[in-house]
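**Student:** Dropping in input.pdb, with PDB, C-alpha atoms.
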```pdb
MODEL        1
ATOM      1  CA  MET A   1     -20.016 -43.268 121.344
ATOM      2  CA  ASN A   2     -21.938 -41.719 124.235
ATOM      3  CA  VAL A   3     -19.931 -41.733 127.462
ATOM      4  CA  GLU A   4     -21.469 -40.221 130.579
ATOM      5  CA  LYS A   5     -19.570 -39.025 133.632
ATOM      6  CA  ARG A   6     -20.287 -40.139 137.175
ATOM      7  CA  GLU A   7     -21.142 -37.064 139.144
ATOM      8  CA  ASP A   8     -21.216 -36.327 142.869
ATOM      9  CA  PRO A   9     -23.707 -33.615 143.905
ATOM     10  CA  GLY A  10     -20.972 -32.122 146.089
ATOM     11  CA  MET A  11     -18.523 -31.685 143.217
ATOM     12  CA  SER A  12     -17.648 -28.312 141.833
ATOM     13  CA  GLU A  13     -18.042 -27.797 138.078
ATOM     14  CA  GLN A  14     -14.247 -27.959 137.673
ATOM     15  CA  GLU A  15     -14.125 -31.270 139.578
ATOM     16  CA  ARG A  16     -16.912 -32.674 137.414
ATOM     17  CA  GLN A  17     -14.891 -31.893 134.301
ATOM     18  CA  ARG A  18     -11.974 -33.898 135.694
ATOM     19  CA  ALA A  19     -14.067 -36.843 136.902
ATOM     20  CA  PRO A  20     -13.348 -40.185 135.209
ATOM     21  CA  THR A  21     -15.873 -41.484 132.698
ATOM     22  CA  ASP A  22     -17.933 -44.593 133.412
ATOM     23  CA  GLU A  23     -15.605 -46.595 131.188
ATOM     24  CA  PHE A  24     -12.581 -45.518 133.225
ATOM     25  CA  ALA A  25     -14.280 -45.267 136.623
ATOM     26  CA  MET A  26     -11.978 -45.706 139.627
ATOM     27  CA  ASN A  27     -12.948 -47.581 142.764
ATOM     28  CA  THR A  28     -12.046 -46.517 146.286
ATOM     29  CA  THR A  29      -8.602 -48.121 146.100
ATOM     30  CA  GLY A  30      -7.703 -46.076 143.025
ATOM     31  CA  SER A  31      -7.713 -49.061 140.651
ATOM     32  CA  MET A  32     -10.012 -49.658 137.685
ATOM     33  CA  ASP A  33     -13.433 -51.174 138.390
ATOM     34  CA  VAL A  34     -12.904 -53.594 135.496
ATOM     35  CA  ALA A  35      -9.749 -55.694 135.598
ATOM     36  CA  PRO A  36      -7.777 -55.540 132.334
ATOM     37  CA  LYS A  37      -7.654 -58.613 130.154
ATOM     38  CA  LEU A  38      -4.171 -57.692 128.932
ATOM     39  CA  GLN A  39      -1.740 -55.265 130.497
ATOM     40  CA  SER A  40       1.774 -54.254 129.518
ATOM     41  CA  GLU A  41       4.129 -52.947 132.187
ATOM     42  CA  GLY A  42       7.418 -51.341 131.195
ATOM     43  CA  LEU A  43       7.313 -53.193 127.873
ATOM     44  CA  ARG A  44      10.395 -52.597 125.747
ATOM     45  CA  ALA A  45      11.106 -54.245 122.396
ATOM     46  CA  PHE A  46      14.326 -54.456 120.433
ATOM     47  CA  PHE A  47      15.507 -55.428 116.979
ATOM     48  CA  GLY A  48      19.145 -56.093 117.703
ATOM     49  CA  LYS A  49      20.369 -52.902 119.421
ATOM     50  CA  ASN A  50      17.538 -50.772 118.024
ATOM     51  CA  GLU A  51      14.858 -50.081 120.626
ATOM     52  CA  ALA A  52      11.420 -50.106 118.984
ATOM     53  CA  LEU A  53       9.232 -49.734 122.094
ATOM     54  CA  HIS A  54      10.160 -47.567 125.054
ATOM     55  CA  GLY A  55       8.557 -48.794 128.269
ATOM     56  CA  ILE A  56       4.891 -49.146 127.312
ATOM     57  CA  ASP A  57       2.375 -49.222 130.184
ATOM     58  CA  PHE A  58      -1.069 -49.954 128.791
ATOM     59  CA  SER A  59      -4.227 -51.782 129.869
ATOM     60  CA  ILE A  60      -6.670 -53.490 127.506
ATOM     61  CA  ARG A  61     -10.244 -54.027 128.663
ATOM     62  CA  PRO A  62     -12.021 -57.395 128.267
ATOM     63  CA  ASN A  63     -14.711 -57.748 125.605
ATOM     64  CA  LYS A  64     -13.930 -54.421 123.992
ATOM     65  CA  VAL A  65     -12.330 -53.399 120.701
ATOM     66  CA  THR A  66      -9.105 -51.473 121.283
ATOM     67  CA  ALA A  67      -7.505 -49.718 118.305
ATOM     68  CA  ILE A  68      -3.809 -48.861 118.061
ATOM     69  CA  ILE A  69      -3.163 -45.901 115.750
ATOM     70  CA  GLY A  70      -0.112 -43.899 114.725
ATOM     71  CA  PRO A  71       2.148 -43.214 111.719
ATOM     72  CA  SER A  72       4.195 -45.911 109.986
ATOM     73  CA  GLY A  73       7.177 -47.119 111.973
ATOM     74  CA  CYS A  74       5.841 -45.978 115.357
ATOM     75  CA  GLY A  75       5.804 -49.468 116.921
ATOM     76  CA  LYS A  76       2.132 -50.409 116.540
ATOM     77  CA  SER A  77       2.685 -53.827 114.981
ATOM     78  CA  THR A  78       5.688 -54.530 117.207
ATOM     79  CA  PHE A  79       3.526 -53.859 120.264
ATOM     80  CA  LEU A  80       0.836 -56.171 118.910
ATOM     81  CA  ARG A  81       3.355 -58.966 118.283
ATOM     82  CA  CYS A  82       4.741 -58.568 121.796
ATOM     83  CA  LEU A  83       1.269 -59.224 123.214
ATOM     84  CA  ASN A  84       1.408 -62.888 122.160
ATOM     85  CA  ARG A  85       5.184 -63.402 122.007
ATOM     86  CA  MET A  86       5.416 -63.420 118.230
ATOM     87  CA  HIS A  87       7.984 -60.620 118.339
ATOM     88  CA  GLU A  88      10.680 -62.998 119.542
ATOM     89  CA  LEU A  89      10.232 -65.171 116.429
ATOM     90  CA  THR A  90      12.083 -62.501 114.420
ATOM     91  CA  PRO A  91      15.838 -63.188 114.428
ATOM     92  CA  GLY A  92      17.613 -60.755 116.750
ATOM     93  CA  ALA A  93      14.372 -59.532 118.319
ATOM     94  CA  LYS A  94      13.766 -59.501 122.056
ATOM     95  CA  ALA A  95      11.473 -57.907 124.605
ATOM     96  CA  SER A  96      11.648 -56.969 128.273
ATOM     97  CA  GLY A  97       9.112 -55.918 130.852
ATOM     98  CA  GLN A  98       5.838 -57.708 131.457
ATOM     99  CA  VAL A  99       2.658 -58.545 129.583
ATOM    100  CA  LEU A 100      -0.046 -59.749 131.948
ATOM    101  CA  LEU A 101      -2.876 -61.953 130.707
ATOM    102  CA  ASP A 102      -5.534 -62.139 133.433
ATOM    103  CA  GLY A 103      -2.791 -61.066 135.834
ATOM    104  CA  GLY A 104      -0.228 -63.704 134.822
ATOM    105  CA  ASN A 105       3.010 -62.654 133.092
ATOM    106  CA  ILE A 106       3.271 -64.356 129.683
ATOM    107  CA  TYR A 107       7.026 -63.631 129.695
ATOM    108  CA  ALA A 108       7.618 -65.422 132.988
ATOM    109  CA  PRO A 109      10.155 -68.287 133.012
ATOM    110  CA  LYS A 110       8.821 -71.687 131.919
ATOM    111  CA  ILE A 111       5.793 -70.162 130.148
ATOM    112  CA  ASP A 112       5.330 -71.951 126.817
ATOM    113  CA  PRO A 113       4.942 -69.322 124.041
ATOM    114  CA  VAL A 114       2.904 -71.791 121.970
ATOM    115  CA  LEU A 115       0.280 -71.986 124.704
ATOM    116  CA  VAL A 116       0.291 -68.184 124.942
ATOM    117  CA  ARG A 117      -0.459 -67.949 121.218
ATOM    118  CA  ARG A 118      -3.372 -70.330 121.624
ATOM    119  CA  ARG A 119      -4.925 -67.976 124.162
ATOM    120  CA  ILE A 120      -4.015 -64.853 122.173
ATOM    121  CA  GLY A 121      -4.627 -65.410 118.448
ATOM    122  CA  MET A 122      -3.376 -63.271 115.575
ATOM    123  CA  VAL A 123      -4.889 -62.213 112.252
ATOM    124  CA  PHE A 124      -2.370 -60.725 109.834
ATOM    125  CA  GLN A 125      -2.421 -57.849 107.364
ATOM    126  CA  LYS A 126      -2.703 -60.001 104.247
ATOM    127  CA  PRO A 127      -5.053 -62.985 104.147
ATOM    128  CA  ASN A 128      -2.895 -66.093 104.442
ATOM    129  CA  PRO A 129      -5.003 -69.238 104.004
ATOM    130  CA  PHE A 130      -2.911 -72.377 103.607
ATOM    131  CA  PRO A 131      -2.742 -72.809  99.811
ATOM    132  CA  THR A 132      -2.630 -76.618  99.835
ATOM    133  CA  MET A 133      -5.705 -76.973 102.074
ATOM    134  CA  ASP A 134      -9.394 -76.685 101.402
ATOM    135  CA  ILE A 135     -11.676 -74.317 103.339
ATOM    136  CA  TYR A 136     -12.573 -76.973 105.936
ATOM    137  CA  ASP A 137      -8.967 -77.954 106.631
ATOM    138  CA  ASN A 138      -7.869 -74.314 106.810
ATOM    139  CA  VAL A 139     -10.208 -73.824 109.754
ATOM    140  CA  ALA A 140      -9.343 -77.178 111.328
ATOM    141  CA  ALA A 141      -5.558 -77.009 110.795
ATOM    142  CA  GLY A 142      -4.586 -75.853 114.278
ATOM    143  CA  LEU A 143      -6.918 -78.306 115.984
ATOM    144  CA  LYS A 144      -5.532 -81.203 113.971
ATOM    145  CA  LEU A 145      -2.023 -80.234 115.032
ATOM    146  CA  THR A 146      -3.146 -80.570 118.655
ATOM    147  CA  GLY A 147      -4.335 -84.121 117.939
ATOM    148  CA  MET A 148      -8.057 -83.667 117.301
ATOM    149  CA  LYS A 149      -9.335 -86.260 114.850
ATOM    150  CA  LYS A 150     -11.861 -85.625 112.129
ATOM    151  CA  GLY A 151     -15.385 -86.306 113.335
ATOM    152  CA  LYS A 152     -18.552 -84.659 114.579
ATOM    153  CA  ASN A 153     -16.775 -82.577 117.219
ATOM    154  CA  LEU A 154     -14.373 -81.172 114.646
ATOM    155  CA  ASP A 155     -17.205 -80.626 112.158
ATOM    156  CA  ASP A 156     -19.136 -78.668 114.792
ATOM    157  CA  ILE A 157     -16.136 -76.476 115.637
ATOM    158  CA  VAL A 158     -15.473 -75.731 111.956
ATOM    159  CA  LYS A 159     -19.107 -74.801 111.375
ATOM    160  CA  ASN A 160     -19.318 -72.679 114.534
ATOM    161  CA  SER A 161     -16.055 -70.888 113.689
ATOM    162  CA  LEU A 162     -17.223 -70.078 110.165
ATOM    163  CA  GLN A 163     -20.540 -68.857 111.561
ATOM    164  CA  GLN A 164     -18.780 -66.575 114.060
ATOM    165  CA  ALA A 165     -16.667 -65.251 111.177
ATOM    166  CA  SER A 166     -19.874 -64.529 109.199
ATOM    167  CA  LEU A 167     -18.692 -66.852 106.431
ATOM    168  CA  TRP A 168     -20.653 -70.080 106.859
ATOM    169  CA  ASP A 169     -23.595 -69.158 104.609
ATOM    170  CA  GLU A 170     -21.203 -68.172 101.824
ATOM    171  CA  VAL A 171     -19.047 -71.329 101.836
ATOM    172  CA  LYS A 172     -21.110 -74.122 103.436
ATOM    173  CA  ASP A 173     -21.530 -75.846 100.060
ATOM    174  CA  GLU A 174     -17.897 -75.287  99.043
ATOM    175  CA  LEU A 175     -15.960 -76.533 102.072
ATOM    176  CA  HIS A 176     -13.748 -78.738  99.933
ATOM    177  CA  LYS A 177     -12.690 -75.971  97.579
ATOM    178  CA  PRO A 178      -9.180 -74.556  98.086
ATOM    179  CA  GLY A 179      -8.986 -71.810 100.683
ATOM    180  CA  THR A 180      -7.353 -69.586  98.093
ATOM    181  CA  SER A 181     -10.274 -69.961  95.634
ATOM    182  CA  ILE A 182     -12.544 -67.488  97.431
ATOM    183  CA  SER A 183     -12.340 -63.676  97.357
ATOM    184  CA  GLY A 184      -9.795 -61.699  99.341
ATOM    185  CA  GLY A 185     -12.367 -60.536 101.861
ATOM    186  CA  GLN A 186     -13.632 -64.082 102.313
ATOM    187  CA  GLN A 187     -10.050 -65.303 102.730
ATOM    188  CA  GLN A 188      -9.520 -62.822 105.557
ATOM    189  CA  ARG A 189     -12.692 -63.990 107.284
ATOM    190  CA  LEU A 190     -11.498 -67.572 106.736
ATOM    191  CA  CYS A 191      -8.293 -66.658 108.581
ATOM    192  CA  ILE A 192     -10.396 -65.153 111.363
ATOM    193  CA  ALA A 193     -12.395 -68.411 111.516
ATOM    194  CA  ARG A 194      -9.111 -70.353 111.740
ATOM    195  CA  THR A 195      -8.129 -68.184 114.707
ATOM    196  CA  ILE A 196     -11.538 -68.592 116.361
ATOM    197  CA  ALA A 197     -11.355 -72.387 116.008
ATOM    198  CA  MET A 198      -8.491 -72.453 118.513
ATOM    199  CA  GLN A 199     -10.848 -70.874 121.074
ATOM    200  CA  PRO A 200      -8.615 -67.953 122.042
ATOM    201  CA  GLU A 201      -9.496 -65.353 124.645
ATOM    202  CA  VAL A 202      -7.964 -62.439 122.747
ATOM    203  CA  ILE A 203      -7.831 -61.785 118.986
ATOM    204  CA  LEU A 204      -5.094 -59.479 117.685
ATOM    205  CA  MET A 205      -5.587 -57.989 114.213
ATOM    206  CA  ASP A 206      -2.711 -56.299 112.376
ATOM    207  CA  GLU A 207      -4.280 -53.979 109.778
ATOM    208  CA  PRO A 208      -6.731 -56.711 108.710
ATOM    209  CA  CYS A 209      -8.478 -54.528 106.114
ATOM    210  CA  SER A 210      -5.516 -52.837 104.430
ATOM    211  CA  ALA A 211      -5.600 -55.226 101.448
ATOM    212  CA  LEU A 212      -9.402 -55.316 101.114
ATOM    213  CA  ASP A 213     -11.930 -53.397  99.039
ATOM    214  CA  PRO A 214     -14.540 -51.184 100.791
ATOM    215  CA  ILE A 215     -17.285 -53.842 100.811
ATOM    216  CA  ALA A 216     -14.993 -56.504 102.266
ATOM    217  CA  THR A 217     -13.648 -53.947 104.749
ATOM    218  CA  SER A 218     -17.170 -53.180 105.938
ATOM    219  CA  LYS A 219     -17.858 -56.874 106.576
ATOM    220  CA  VAL A 220     -14.654 -57.306 108.589
ATOM    221  CA  GLU A 221     -15.428 -54.160 110.604
ATOM    222  CA  GLU A 222     -18.917 -55.472 111.407
ATOM    223  CA  LEU A 223     -17.293 -58.729 112.434
ATOM    224  CA  MET A 224     -14.900 -56.984 114.847
ATOM    225  CA  VAL A 225     -17.837 -55.423 116.659
ATOM    226  CA  GLN A 226     -19.645 -58.770 116.831
ATOM    227  CA  LEU A 227     -16.588 -60.638 118.084
ATOM    228  CA  LYS A 228     -16.148 -58.477 121.171
ATOM    229  CA  GLY A 229     -19.199 -60.184 122.639
ATOM    230  CA  THR A 230     -17.022 -63.278 123.064
ATOM    231  CA  TYR A 231     -13.427 -62.105 122.702
ATOM    232  CA  THR A 232     -11.185 -59.168 123.528
ATOM    233  CA  VAL A 233     -10.155 -57.589 120.209
ATOM    234  CA  VAL A 234      -7.063 -55.444 119.584
ATOM    235  CA  VAL A 235      -6.652 -53.971 116.105
ATOM    236  CA  VAL A 236      -3.772 -52.017 114.570
ATOM    237  CA  THR A 237      -5.021 -49.631 111.899
ATOM    238  CA  HIS A 238      -3.777 -46.712 109.798
ATOM    239  CA  ASN A 239      -7.403 -45.817 109.098
ATOM    240  CA  MET A 240      -8.574 -43.360 111.755
ATOM    241  CA  GLN A 241     -12.142 -43.530 110.435
ATOM    242  CA  GLN A 242     -12.045 -47.271 110.985
ATOM    243  CA  ALA A 243     -10.879 -46.785 114.577
ATOM    244  CA  ALA A 244     -13.722 -44.322 115.117
ATOM    245  CA  ARG A 245     -16.247 -46.809 113.712
ATOM    246  CA  VAL A 246     -15.243 -49.981 115.565
ATOM    247  CA  ALA A 247     -13.133 -49.202 118.628
ATOM    248  CA  ASP A 248     -14.321 -48.631 122.185
ATOM    249  CA  PHE A 249     -10.834 -47.489 123.174
ATOM    250  CA  THR A 250      -7.955 -46.084 121.123
ATOM    251  CA  ALA A 251      -4.245 -45.673 121.828
ATOM    252  CA  PHE A 252      -1.948 -43.340 119.883
ATOM    253  CA  PHE A 253       1.665 -44.443 119.425
ATOM    254  CA  TYR A 254       4.524 -42.285 118.170
ATOM    255  CA  LEU A 255       8.224 -43.172 117.838
ATOM    256  CA  GLY A 256       7.841 -46.259 120.005
ATOM    257  CA  LYS A 257       6.016 -44.454 122.806
ATOM    258  CA  LEU A 258       2.414 -44.483 123.951
ATOM    259  CA  ILE A 259       1.412 -40.828 123.723
ATOM    260  CA  GLU A 260      -2.237 -41.015 124.743
ATOM    261  CA  SER A 261      -5.076 -43.475 125.198
ATOM    262  CA  GLY A 262      -8.695 -43.407 126.254
ATOM    263  CA  PRO A 263     -12.280 -43.908 125.092
ATOM    264  CA  THR A 264     -12.288 -43.445 121.321
ATOM    265  CA  ALA A 265     -14.798 -40.599 121.223
ATOM    266  CA  SER A 266     -12.898 -38.652 123.874
ATOM    267  CA  LEU A 267      -9.522 -39.148 122.218
ATOM    268  CA  PHE A 268     -10.798 -38.086 118.794
ATOM    269  CA  GLU A 269     -12.907 -35.159 119.964
ATOM    270  CA  LYS A 270     -10.808 -33.788 122.845
ATOM    271  CA  PRO A 271      -7.249 -35.173 122.737
ATOM    272  CA  ARG A 272      -5.196 -34.189 125.777
ATOM    273  CA  GLU A 273      -1.836 -34.117 123.988
ATOM    274  CA  GLU A 274      -0.910 -31.630 121.272
ATOM    275  CA  LEU A 275       0.949 -34.370 119.377
ATOM    276  CA  THR A 276      -2.241 -36.455 119.253
ATOM    277  CA  GLU A 277      -4.239 -33.502 117.946
ATOM    278  CA  ARG A 278      -1.642 -32.797 115.259
ATOM    279  CA  TYR A 279      -1.803 -36.406 114.073
ATOM    280  CA  LEU A 280      -5.594 -36.575 114.115
ATOM    281  CA  THR A 281      -5.899 -33.339 112.153
ATOM    282  CA  GLY A 282      -3.486 -34.557 109.477
ATOM    283  CA  ARG A 283      -0.586 -32.222 110.216
ATOM    284  CA  PHE A 284       1.775 -35.194 110.090
ATOM    285  CA  GLY A 285       1.652 -38.979 109.624
TER     286      GLY A 285
ENDMDL
END
```
Could the structure of this file be written out as structure tokens, please?

**Tutor:**
Amino acid sequence: MNVEKREDPGMSEQERQRAPTDEFAMNTTGSMDVAPKLQSEGLRAFFGKNEALHGIDFSIRPNKVTAIIGPSGCGKSTFLRCLNRMHELTPGAKASGQVLLDGGNIYAPKIDPVLVRRRIGMVFQKPNPFPTMDIYDNVAAGLKLTGMKKGKNLDDIVKNSLQQASLWDEVKDELHKPGTSISGGQQQRLCIARTIAMQPEVILMDEPCSALDPIATSKVEELMVQLKGTYTVVVVTHNMQQAARVADFTAFFYLGKLIESGPTASLFEKPREELTERYLTGRFG
């Protein structure tokens, strides 16, 4: 990724080196030029008395792919689940702090978590099509639960969702086959289509390629890059090469803390923190 720095002719060379990149350019008030789509402020997460996240402050840009990396057990998936209030579905789990979606706190009183999850969809690690439903109904399931009846409008949404998931050409003549009858990679794209059908603004992906072969992984990675044209995408991955391939921004988590974040190329090539460098060079993790 090629990121250029904004330069002022009056800057010294040392000041130029410290200047923010275009992607992180500051305006005259000291805030980001681009408002974040999602932003956590002092986000803490607990499983019973065990604190899994320790006050995470992090901004996620709209229409970009943001990767969350770090060793197992560092809080990546917990952070992701806090972003659409799925964390609290685990017995004994709770969160504090704020998560702002377009500036509004999704943890504010009287906010319906179900409506939050419609705006912020989730794709899980293992493909999970509904086994008793065919391909068509897997995509349409959420819409039917909201009261949409079968008809042209629903047909159009199913087709459009499968097209956005790069699956339509592969299944258009098999829509009434079980969702579990297609390959694992196709099942994952079917789950992505099911998420898209609900017309979310943000798509969260929790290690979506970990159970897939290299060819299927490549298709899902291509899809992530395509989807950012319409959605904000946040992906948790153990695969640092995958983060380098698909992510505009990357955040490194360790022991429930955000250690470092920034444009992916900068973080991988010139990490600011020694802990980040040690992880990226394979000295632990």

**Student:** Selection in question (the file shown): the PyMOL selection byres ((chain A and resi 186-199) around 7). Which residues does it include, as a PyMOL selection string?

**Tutor:** chain A and resi 118+121-123+127-129+138-140+142-143+157-158+161-162+165+167+179-180+182-185+200-201

**Student:** Between atom CA of Lys159 of chain A and atom CA of Met133 of chain A, what is the spacing in Å?

**Tutor:**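 Separation of atom CA of Met133 of chain A and atom CA of Lys159 of chain A: 16.5 Å.
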
**Student:** Care to translate the PyMOL selection byres ((chain A and resi 177) around 12) into actual residues of this file, as a ChimeraX atom specification?

**Tutor:** /A:131-138,171-176,178-182

**Student:** Write out as a list in words which residues come within 8 Å of segment 259-265 of chain A when counting only C-alpha atoms, dropping same-chain ones fewer than 2 positions away.

**Tutor:**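 Counting only C-alpha atoms, the residues come to Met1, Asn2, Glu23, Ala243, Ala244, Ala247, Asp248, Phe249, Thr250, Ala251, Phe252, Phe253, Tyr254, Lys257, Leu267, Phe268, Glu269, Pro271, Arg272, Glu273, Leu275 and Thr276 of chain A.
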
**Student:** Just to be explicit: take each residue in the selection above, keep C-alpha atoms, and write the result as a PDB file, keeping the file's coordinate frame.

**Tutor:**
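File produced: result-v1.pdb:
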```pdb
ATOM      1  CA  MET A   1     -20.016 -43.268 121.344  1.00  0.00           C
ATOM      2  CA  ASN A   2     -21.938 -41.719 124.235  1.00  0.00           C
ATOM      3  CA  GLU A  23     -15.605 -46.595 131.188  1.00  0.00           C
ATOM      4  CA  ALA A 243     -10.879 -46.785 114.577  1.00  0.00           C
ATOM      5  CA  ALA A 244     -13.722 -44.322 115.117  1.00  0.00           C
ATOM      6  CA  ALA A 247     -13.133 -49.202 118.628  1.00  0.00           C
ATOM      7  CA  ASP A 248     -14.321 -48.631 122.185  1.00  0.00           C
ATOM      8  CA  PHE A 249     -10.834 -47.489 123.174  1.00  0.00           C
ATOM      9  CA  THR A 250      -7.955 -46.084 121.123  1.00  0.00           C
ATOM     10  CA  ALA A 251      -4.245 -45.673 121.828  1.00  0.00           C
ATOM     11  CA  PHE A 252      -1.948 -43.340 119.883  1.00  0.00           C
ATOM     12  CA  PHE A 253       1.665 -44.443 119.425  1.00  0.00           C
ATOM     13  CA  TYR A 254       4.524 -42.285 118.170  1.00  0.00           C
ATOM     14  CA  LYS A 257       6.016 -44.454 122.806  1.00  0.00           C
ATOM     15  CA  LEU A 267      -9.522 -39.148 122.218  1.00  0.00           C
ATOM     16  CA  PHE A 268     -10.798 -38.086 118.794  1.00  0.00           C
ATOM     17  CA  GLU A 269     -12.907 -35.159 119.964  1.00  0.00           C
ATOM     18  CA  PRO A 271      -7.249 -35.173 122.737  1.00  0.00           C
ATOM     19  CA  ARG A 272      -5.196 -34.189 125.777  1.00  0.00           C
ATOM     20  CA  GLU A 273      -1.836 -34.117 123.988  1.00  0.00           C
ATOM     21  CA  LEU A 275       0.949 -34.370 119.377  1.00  0.00           C
ATOM     22  CA  THR A 276      -2.241 -36.455 119.253  1.00  0.00           C
TER      23      THR A 276
END
```

**Student:** For Phe79 of chain A, please output as a list in words all residues within 9 Å (counting all atoms listed in the file; exclusion window: fewer than 5 positions along the same chain).

**Tutor:** Leu43, Arg44, Ala45, Ala52, Leu53, Ile56, His87 and Gly256 of chain A

**Student:** Using only C-alpha atoms, tabulate the residues of segment 68-183 of chain A lying at most 10 Å from any atom of segment 57-61 of chain A, each with its closest atom pair and that distance in Å to one decimal, by chain and increasing residue number, as CSV.

**Tutor:**
```
residue,atom,partner,partner_atom,distance
A:Gly97,CA,A:Asp57,CA,9.5
A:Gln98,CA,A:Asp57,CA,9.3
A:Val99,CA,A:Asp57,CA,9.3
A:Leu100,CA,A:Ser59,CA,9.2
A:Leu101,CA,A:Ile60,CA,9.8
```

**Student:** Report, in Å with one decimal, the straight-line distance from atom CA of Glu274 of chain A to atom CA of Gly70 of chain A.

**Tutor:**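 Atom-to-atom, atom CA of Glu274 of chain A to atom CA of Gly70 of chain A, that is 13.9 Å.
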
**Student:** Provide the atom CA of Leu80 of chain A to atom CA of Ala141 of chain A distance in Å, to one decimal place.

**Tutor:**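 Here the two named atoms are 23.3 Å from each other.
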
**Student:** Just say which residues the PyMOL selection byres ((chain A and resi 65) around 7) picks in this file, as a PyMOL selection string.

**Tutor:** chain A and resi 63-64+66-67+228+232-234+246-249

**Student:** Of the residues A:Val114, A:Leu258, A:Leu154, A:Cys74, which is the one nearest to Leu89 of chain A, using only C-alpha atoms?

**Tutor:**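 Going through A:Val114, A:Leu258, A:Leu154, A:Cys74 one by one, the smallest distance to Leu89 of chain A is for A:Val114.
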